[in-house]
Amino acid sequence: MMNMHETEIPTGLSAILYGLYHVENVRADELYKGLPNYLNINLDEEEKREYKQALDWATKNPSFDFNSILPNLRKTNDEILVYLKKYRQFSNLFSAE
Amino acid sequence: MRRQKIIIQDSFGRYYRLHLWSEAPIRAPIKPESFRDNYFTWYFVSKLKVEHSGWLQLLTHVSESPPNRHLTLHECQHAIAALILRGVIKLYRLTHLGRSGQQTSYPSINIPHGEPYHFIPTTELLSHEPREAIFFHREPTQATHFIQQLALTDEQLAAITRALSSPLHLAAGPTAARVTQIVQLEQALVEGKVAVEQARLEPLKQDNLETLPVTPATDKPMTLGPHEEGGFKNPYSPTNEAYNTIPMSEGFIGEDDSTNEKRWNKPKIVEYVSEDSRRTHQHVIELDVKDGLLINKNNGVPFDTSNANTWWGGGAIFAMDGKGNIVASNYQKPHEFHHTSLLAGGPAAAAGMIDVSNGVIVAVTNRSGHYAPSQEQITQMFEELQKRGMARKDLDKVMRSGYSNAGHVMAPVPHGAFISQNDFDTKQSANPRAYTYIPKDWMNQ
């Protein structure tokens with residue numbers, strides 16, 4: 001599944017992208033409102049750091065083929081970028097910065 | 001077309017016959033439980049003399065959908081190992097071929113206040129009834145400690161190394177230094193090549209294997225029994241379980257194996273909960289129907305997903321196996337706990353999200369990245385629920401959504417209407433603007 005960027009891809013990226021299996025409309029803000037609570041409950045500090053790294057990496061690599069990370073995602077790269085942007089915006093991962 | 005018999009050899013010179021799920025069952029396969037875990041199974045598969053293209057061909061042969069042709073040899077071996085563990089592929093040791101009757105004796109080591117042990121190649125364990133053996137492939141430090149506490153004499157160490165030297169190509173004999181012998185023994189333990197077993201080795205069971213009507217290479221094709229002759233009607237088929245099942249997507253195979261460097265969720269591993277462990281697992285709930293409600297099978301409490309722990313909503317994850325066992329969890333965590341956790345990585349007859357309020361099913365979807373099941377498979381779960389006593393009128397009200405079989409995102413529709421709406425995809429195609437379009441091959445990679 002991976003491509004030539006494999007060694008550079010942060011480990012948290014596939015976990016974040018996994019949510020796409022459950023997301024129809026990546027632009028629906030309503031969907032992301034439960035995200036901060038979910039992340040607080042389920043992620044330890046190390047995992048939060050990995051997620052932040054993944055979102056930072058995605059921001060710097062918008063041309064990366066995100067579909068190559070997981071099978072059957074079937075979202076366009078533009079849709080995935082919107083998803084990642086919303087994820088970053090609505091999560092509380094960067095709130096302390 | 002008549003299925004070709006697949007006979008393969010391992011690197012120790014032993015021959016095996018692969019017996020596929022769709023063939024008629026016969027006695028005396030190596031028991032799936034003898035393979036113990038994913039790593040051991042993969043190790044066994046990796047020692048079989050089969051080319052990369054051969055594994056791809058076999059995967060094509062046993063899969064409903066063609067495998068990803070870009071699978072590496074390692075990924076193919078993992079996929080085959082998973083199929084062995086699930087019983088889709090069974091193995092018969094053909095003792096009349098290769099090194100028949102050449103069982104090596106493995107010297108026993110007497111330890112104070114305990115049973116004698118011996119070191120044995122892990123693949124040798126397949127020839128015996130499943131029993132407890134100690135594996136160290138996940139515990140390298142313990143392997144070292146174990147050997148240290150044995151305090152092996154030079155003679156014992158030499159005897160062990162000699163016994164293992166042939167199958168494992170270890171350096172042995174007077175020229176091998178003690179430290180070399182210890183290091184290579186530790187390495188063999190850590191790599192999963194060797195296990196430690198209580199030295200109560202029973203004679204190799206040859207009964208069923210030896211009496212099978214197998215004819216060595218002659219003009220007559222090799223056979224394991226009359227069912228392999230022309231005209232035999234297989235009473236079983238891949239759908240001999242109560243429901244049609246689908247395996248997990250190949251991209252997730254090996255996700256529970258910490259030694260698989262290419263797993264999608266590295267460095268985490270997905271927890272697989274075995275059927276025996278479901279009852280006591282903190283996150284897993286076995287479901288049943290009582291008085292028309294969906295209940296926790298083990299305590300009778302109506303199931304409820306209002307506290308389900310996912311940010312995208314939709315309730316709990318659920319899965320049904322081929323026998324109709326329905327399992328759910330209000331917990332799901334990417335990289336660690338998924339639909340595959342509920343079925344221990346096995347095939348699913350249905351999978352998705354289920355929204356339940358105090359035992360009343362509100363909504364069901366087929367959203368599962370691991371299984372990507374069809375809507376027909378979700379319908380199978382409705383059939384099972386009805387069999388268990390849930391009223392049809394109640395089931396008909398359950399809202400269904402997810403993906404249609406044509407790959408469209410499906411607007412919620414009551415189950416009753418869904419069932420009577422056989423041309424659902426056609427209707428959606430007539431009004432594509434109403435739905436987000438997803439390519440029709442979304443389930444086929």
# chains A, B, ... in the order shown; residues from 1 in each chain; ligands from 1

call {"tool": "select_by_dssp", "arguments": {"residues": "range 249-414 of chain B", "states": "alpha helix (DSSP H)", "output": "ChimeraX atom specification"}}
result
/B:339-342,375-387,392-397

call {"tool": "write_last_selection", "arguments": {"atoms": "N, CA and C atoms", "output": "short mmCIF file (atom, residue, chain, number, x, y, z; two decimals), in the first residue's frame"}}
result
data_model
loop_
_atom_site.label_atom_id
_atom_site.label_comp_id
_atom_site.auth_asym_id
_atom_site.auth_seq_id
_atom_site.Cartn_x
_atom_site.Cartn_y
_atom_site.Cartn_z
N HIS B 339 -13.24 -3.85 13.52
CA HIS B 339 -14.18 -4.94 13.25
C HIS B 339 -13.47 -6.29 13.28
N THR B 340 -12.25 -6.31 12.77
CA THR B 340 -11.50 -7.58 12.75
C THR B 340 -11.21 -8.08 14.17
N SER B 341 -11.16 -7.15 15.13
CA SER B 341 -10.94 -7.57 16.52
C SER B 341 -12.06 -8.51 16.98
N LEU B 342 -13.27 -8.20 16.53
CA LEU B 342 -14.44 -8.94 17.00
C LEU B 342 -14.44 -10.38 16.51
N GLN B 375 -24.43 -4.90 0.88
CA GLN B 375 -25.70 -4.76 1.58
C GLN B 375 -26.37 -6.13 1.78
N GLU B 376 -26.14 -7.06 0.84
CA GLU B 376 -26.70 -8.41 1.02
C GLU B 376 -26.18 -9.03 2.30
N GLN B 377 -24.93 -8.75 2.60
CA GLN B 377 -24.38 -9.33 3.83
C GLN B 377 -25.02 -8.71 5.07
N ILE B 378 -25.36 -7.43 4.99
CA ILE B 378 -26.08 -6.82 6.11
C ILE B 378 -27.47 -7.46 6.24
N THR B 379 -28.07 -7.74 5.09
CA THR B 379 -29.38 -8.40 5.11
C THR B 379 -29.28 -9.76 5.81
N GLN B 380 -28.14 -10.42 5.64
CA GLN B 380 -27.96 -11.70 6.34
C GLN B 380 -28.11 -11.55 7.85
N MET B 381 -27.62 -10.42 8.37
CA MET B 381 -27.74 -10.24 9.83
C MET B 381 -29.21 -10.03 10.21
N PHE B 382 -29.94 -9.32 9.36
CA PHE B 382 -31.37 -9.15 9.65
C PHE B 382 -32.07 -10.52 9.66
N GLU B 383 -31.66 -11.39 8.73
CA GLU B 383 -32.24 -12.74 8.70
C GLU B 383 -31.94 -13.48 9.99
N GLU B 384 -30.71 -13.35 10.46
CA GLU B 384 -30.32 -14.03 11.69
C GLU B 384 -31.11 -13.48 12.88
N LEU B 385 -31.27 -12.16 12.92
CA LEU B 385 -32.02 -11.55 14.03
C LEU B 385 -33.47 -12.03 14.02
N GLN B 386 -34.02 -12.17 12.82
CA GLN B 386 -35.41 -12.64 12.73
C GLN B 386 -35.51 -14.10 13.19
N LYS B 387 -34.49 -14.89 12.81
CA LYS B 387 -34.46 -16.29 13.25
C LYS B 387 -34.44 -16.38 14.77
N ARG B 392 -40.43 -9.13 12.61
CA ARG B 392 -40.17 -8.56 11.29
C ARG B 392 -40.61 -7.10 11.22
N LYS B 393 -41.73 -6.81 11.87
CA LYS B 393 -42.22 -5.42 11.81
C LYS B 393 -41.23 -4.45 12.47
N ASP B 394 -40.54 -4.94 13.50
CA ASP B 394 -39.55 -4.08 14.15
C ASP B 394 -38.29 -3.94 13.28
N LEU B 395 -37.91 -5.05 12.69
CA LEU B 395 -36.73 -5.01 11.82
C LEU B 395 -36.97 -4.10 10.61
N ASP B 396 -38.19 -4.13 10.10
CA ASP B 396 -38.50 -3.33 8.92
C ASP B 396 -38.31 -1.83 9.17
N LYS B 397 -38.38 -1.43 10.44
CA LYS B 397 -38.26 0.01 10.76
C LYS B 397 -36.80 0.45 10.88
#

call {"tool": "atom_distance", "arguments": {"atom1": "CA of Ala28 in chain A", "atom2": "CA of Val270 in chain B"}}
result
29.4 Å

call {"tool": "residues_around", "arguments": {"residues": "Glu139 in chain B", "least_positions_apart": "2", "cutoff": "12 Å", "atoms": "only C-alpha atoms", "output": "ChimeraX atom specification"}}
result
/B:134-137,141-146,186-187,189-192,258-259

call {"tool": "write_last_selection", "arguments": {"atoms": "N, CA and C atoms", "output": "PDB file, in the first residue's frame"}}
result
ATOM      1  N   ILE B 134       6.788 -23.845  24.468  1.00  0.00           N
ATOM      2  CA  ILE B 134       7.182 -22.474  24.814  1.00  0.00           C
ATOM      3  C   ILE B 134       7.842 -21.841  23.602  1.00  0.00           C
ATOM      4  N   PHE B 135       7.284 -20.710  23.191  1.00  0.00           N
ATOM      5  CA  PHE B 135       7.853 -19.965  22.071  1.00  0.00           C
ATOM      6  C   PHE B 135       8.471 -18.679  22.610  1.00  0.00           C
ATOM      7  N   PHE B 136       9.579 -18.293  22.023  1.00  0.00           N
ATOM      8  CA  PHE B 136      10.259 -17.095  22.522  1.00  0.00           C
ATOM      9  C   PHE B 136      10.346 -16.003  21.467  1.00  0.00           C
ATOM     10  N   HIS B 137       9.608 -16.155  20.353  1.00  0.00           N
ATOM     11  CA  HIS B 137       9.845 -15.198  19.277  1.00  0.00           C
ATOM     12  C   HIS B 137       9.360 -13.799  19.604  1.00  0.00           C
ATOM     13  N   THR B 141      14.538 -11.437  25.364  1.00  0.00           N
ATOM     14  CA  THR B 141      15.278 -11.435  26.631  1.00  0.00           C
ATOM     15  C   THR B 141      15.026 -12.725  27.398  1.00  0.00           C
ATOM     16  N   GLN B 142      13.788 -13.177  27.342  1.00  0.00           N
ATOM     17  CA  GLN B 142      13.461 -14.402  28.069  1.00  0.00           C
ATOM     18  C   GLN B 142      14.158 -15.620  27.466  1.00  0.00           C
ATOM     19  N   ALA B 143      14.405 -15.577  26.176  1.00  0.00           N
ATOM     20  CA  ALA B 143      15.122 -16.688  25.548  1.00  0.00           C
ATOM     21  C   ALA B 143      16.508 -16.816  26.161  1.00  0.00           C
ATOM     22  N   THR B 144      17.154 -15.679  26.312  1.00  0.00           N
ATOM     23  CA  THR B 144      18.491 -15.678  26.912  1.00  0.00           C
ATOM     24  C   THR B 144      18.428 -16.191  28.351  1.00  0.00           C
ATOM     25  N   HIS B 145      17.466 -15.667  29.103  1.00  0.00           N
ATOM     26  CA  HIS B 145      17.344 -16.094  30.505  1.00  0.00           C
ATOM     27  C   HIS B 145      17.042 -17.584  30.614  1.00  0.00           C
ATOM     28  N   PHE B 146      16.204 -18.064  29.713  1.00  0.00           N
ATOM     29  CA  PHE B 146      15.827 -19.470  29.770  1.00  0.00           C
ATOM     30  C   PHE B 146      17.053 -20.360  29.573  1.00  0.00           C
ATOM     31  N   GLU B 186      19.944 -19.331  20.851  1.00  0.00           N
ATOM     32  CA  GLU B 186      19.118 -18.180  21.227  1.00  0.00           C
ATOM     33  C   GLU B 186      18.468 -17.559  19.998  1.00  0.00           C
ATOM     34  N   GLN B 187      19.267 -17.424  18.968  1.00  0.00           N
ATOM     35  CA  GLN B 187      18.757 -16.799  17.745  1.00  0.00           C
ATOM     36  C   GLN B 187      17.636 -17.642  17.139  1.00  0.00           C
ATOM     37  N   LEU B 189      15.615 -19.563  18.739  1.00  0.00           N
ATOM     38  CA  LEU B 189      14.428 -19.392  19.589  1.00  0.00           C
ATOM     39  C   LEU B 189      13.725 -18.079  19.271  1.00  0.00           C
ATOM     40  N   VAL B 190      14.517 -17.014  19.162  1.00  0.00           N
ATOM     41  CA  VAL B 190      13.947 -15.680  18.941  1.00  0.00           C
ATOM     42  C   VAL B 190      13.329 -15.579  17.548  1.00  0.00           C
ATOM     43  N   GLU B 191      13.925 -16.256  16.587  1.00  0.00           N
ATOM     44  CA  GLU B 191      13.389 -16.208  15.222  1.00  0.00           C
ATOM     45  C   GLU B 191      12.211 -17.156  15.033  1.00  0.00           C
ATOM     46  N   GLY B 192      11.858 -17.892  16.072  1.00  0.00           N
ATOM     47  CA  GLY B 192      10.709 -18.785  15.969  1.00  0.00           C
ATOM     48  C   GLY B 192      11.013 -20.088  15.252  1.00  0.00           C
ATOM     49  N   SER B 258       3.187  -8.249  15.472  1.00  0.00           N
ATOM     50  CA  SER B 258       4.189  -7.224  15.771  1.00  0.00           C
ATOM     51  C   SER B 258       5.477  -7.421  14.978  1.00  0.00           C
ATOM     52  N   THR B 259       5.654  -8.602  14.417  1.00  0.00           N
ATOM     53  CA  THR B 259       6.874  -8.838  13.642  1.00  0.00           C
ATOM     54  C   THR B 259       6.692  -8.459  12.183  1.00  0.00           C
TER      55      THR B 259
END

call {"tool": "closest_residue", "arguments": {"among": "B:Gly251, B:Pro267, B:Pro334, B:Gly13", "to": "Asn72 in chain A", "atoms": "only C-alpha atoms"}}
result
B:Gly251

call {"tool": "closest_residue", "arguments": {"among": "B:Thr60, B:Thr72, B:Gln282, B:Thr153", "to": "chain A", "atoms": "only C-alpha atoms"}}
result
B:Thr72

call {"tool": "closest_residue", "arguments": {"among": "A:Glu47, A:Ile16, A:Gln53, A:Leu93", "to": "Leu81 in chain A", "atoms": "only C-alpha atoms"}}
result
A:Ile16

call {"tool": "atom_distance", "arguments": {"atom1": "CA of Arg400 in chain B", "atom2": "CA of Ala363 in chain B"}}
result
5.8 Å

call {"tool": "closest_residue", "arguments": {"among": "B:Ile147, B:Val409, B:Ile8, B:Ile269", "to": "chain A", "atoms": "only C-alpha atoms"}}
result
B:Val409

call {"tool": "interface_residues", "arguments": {"of": "chain A", "to": "chain B", "cutoff": "10 Å", "atoms": "only C-alpha atoms", "output": "number ranges by chain"}}
result
A: 1-2, 6, 11-25, 30-39, 41-43, 69-76

call {"tool": "closest_residue", "arguments": {"among": "B:Ile84, B:Val364, B:Ile7, B:Ile120", "to": "Gly346 in chain B", "atoms": "only C-alpha atoms"}}
result
B:Ile84

call {"tool": "select_by_dssp", "arguments": {"residues": "range 243-372 of chain B", "states": "strand (DSSP E)", "output": "count of residues only"}}
result
33

call {"tool": "residues_around", "arguments": {"residues": "Trp57 in chain A", "least_positions_apart": "3", "cutoff": "12 Å", "atoms": "only C-alpha atoms", "output": "number ranges by chain"}}
result
A: 5, 8-13, 50-54, 60-64, 66, 81, 84-85, 88

call {"tool": "atom_distance", "arguments": {"atom1": "CA of Ala349 in chain B", "atom2": "CA of Leu56 in chain B"}}
result
24.6 Å

call {"tool": "residues_around", "arguments": {"residues": "Cys76 in chain B", "least_positions_apart": "4", "cutoff": "10 Å", "atoms": "only C-alpha atoms", "output": "mmCIF file with N, CA and C atoms, in the first residue's frame"}}
result
data_model
loop_
_atom_site.group_PDB
_atom_site.id
_atom_site.type_symbol
_atom_site.label_atom_id
_atom_site.label_comp_id
_atom_site.auth_asym_id
_atom_site.auth_seq_id
_atom_site.Cartn_x
_atom_site.Cartn_y
_atom_site.Cartn_z
ATOM 1 N N TRP B 42 3.236 -17.934 9.593
ATOM 2 C CA TRP B 42 3.999 -17.257 8.542
ATOM 3 C C TRP B 42 5.378 -17.904 8.381
ATOM 4 N N VAL B 45 5.005 -21.015 6.416
ATOM 5 C CA VAL B 45 4.738 -20.721 5.004
ATOM 6 C C VAL B 45 6.003 -20.232 4.307
ATOM 7 N N SER B 46 6.774 -19.412 5.027
ATOM 8 C CA SER B 46 7.981 -18.849 4.399
ATOM 9 C C SER B 46 9.011 -19.917 4.073
ATOM 10 N N HIS B 52 6.985 -16.578 -5.662
ATOM 11 C CA HIS B 52 6.056 -15.450 -5.454
ATOM 12 C C HIS B 52 4.829 -15.592 -6.361
ATOM 13 N N SER B 53 5.082 -15.903 -7.635
ATOM 14 C CA SER B 53 3.958 -16.022 -8.584
ATOM 15 C C SER B 53 3.038 -17.183 -8.202
ATOM 16 N N GLY B 54 3.624 -18.223 -7.609
ATOM 17 C CA GLY B 54 2.818 -19.369 -7.182
ATOM 18 C C GLY B 54 1.840 -18.991 -6.081
ATOM 19 N N TRP B 55 2.311 -18.204 -5.116
ATOM 20 C CA TRP B 55 1.419 -17.762 -4.039
ATOM 21 C C TRP B 55 0.314 -16.864 -4.597
ATOM 22 N N LEU B 56 0.700 -15.992 -5.548
ATOM 23 C CA LEU B 56 -0.324 -15.112 -6.139
ATOM 24 C C LEU B 56 -1.387 -15.945 -6.850
ATOM 25 N N LEU B 58 -2.256 -19.010 -6.149
ATOM 26 C CA LEU B 58 -3.066 -19.703 -5.150
ATOM 27 C C LEU B 58 -4.069 -18.735 -4.516
ATOM 28 N N LEU B 59 -3.617 -17.512 -4.241
ATOM 29 C CA LEU B 59 -4.533 -16.524 -3.677
ATOM 30 C C LEU B 59 -5.669 -16.235 -4.650
ATOM 31 N N PRO B 67 -6.527 -11.118 -5.941
ATOM 32 C CA PRO B 67 -5.671 -10.413 -4.999
ATOM 33 C C PRO B 67 -4.975 -9.242 -5.677
ATOM 34 N N ASN B 68 -4.550 -8.320 -4.873
ATOM 35 C CA ASN B 68 -3.769 -7.206 -5.375
ATOM 36 C C ASN B 68 -2.469 -7.758 -5.974
ATOM 37 N N ARG B 69 -2.240 -7.518 -7.246
ATOM 38 C CA ARG B 69 -1.082 -8.104 -7.921
ATOM 39 C C ARG B 69 0.226 -7.477 -7.454
ATOM 40 N N HIS B 70 0.125 -6.396 -6.699
ATOM 41 C CA HIS B 70 1.332 -5.751 -6.214
ATOM 42 C C HIS B 70 1.747 -6.266 -4.835
ATOM 43 N N LEU B 71 1.067 -7.288 -4.347
ATOM 44 C CA LEU B 71 1.454 -7.849 -3.058
ATOM 45 C C LEU B 71 2.887 -8.360 -3.136
ATOM 46 N N THR B 72 3.663 -8.045 -2.127
ATOM 47 C CA THR B 72 5.032 -8.560 -2.086
ATOM 48 C C THR B 72 4.990 -10.035 -1.679
ATOM 49 N N ILE B 80 -1.451 -16.141 2.877
ATOM 50 C CA ILE B 80 -1.610 -17.597 2.892
ATOM 51 C C ILE B 80 -1.670 -18.098 4.339
ATOM 52 N N ALA B 81 -0.813 -17.534 5.189
ATOM 53 C CA ALA B 81 -0.814 -17.939 6.598
ATOM 54 C C ALA B 81 -2.181 -17.665 7.225
ATOM 55 N N ALA B 82 -2.750 -16.505 6.898
ATOM 56 C CA ALA B 82 -4.072 -16.170 7.451
ATOM 57 C C ALA B 82 -5.122 -17.161 6.968
ATOM 58 N N GLU B 250 -7.061 -7.221 1.926
ATOM 59 C CA GLU B 250 -5.684 -7.711 2.034
ATOM 60 C C GLU B 250 -4.739 -6.698 2.665
ATOM 61 N N ILE B 253 -4.128 -7.403 6.359
ATOM 62 C CA ILE B 253 -3.631 -8.699 6.835
ATOM 63 C C ILE B 253 -2.277 -8.517 7.531
#
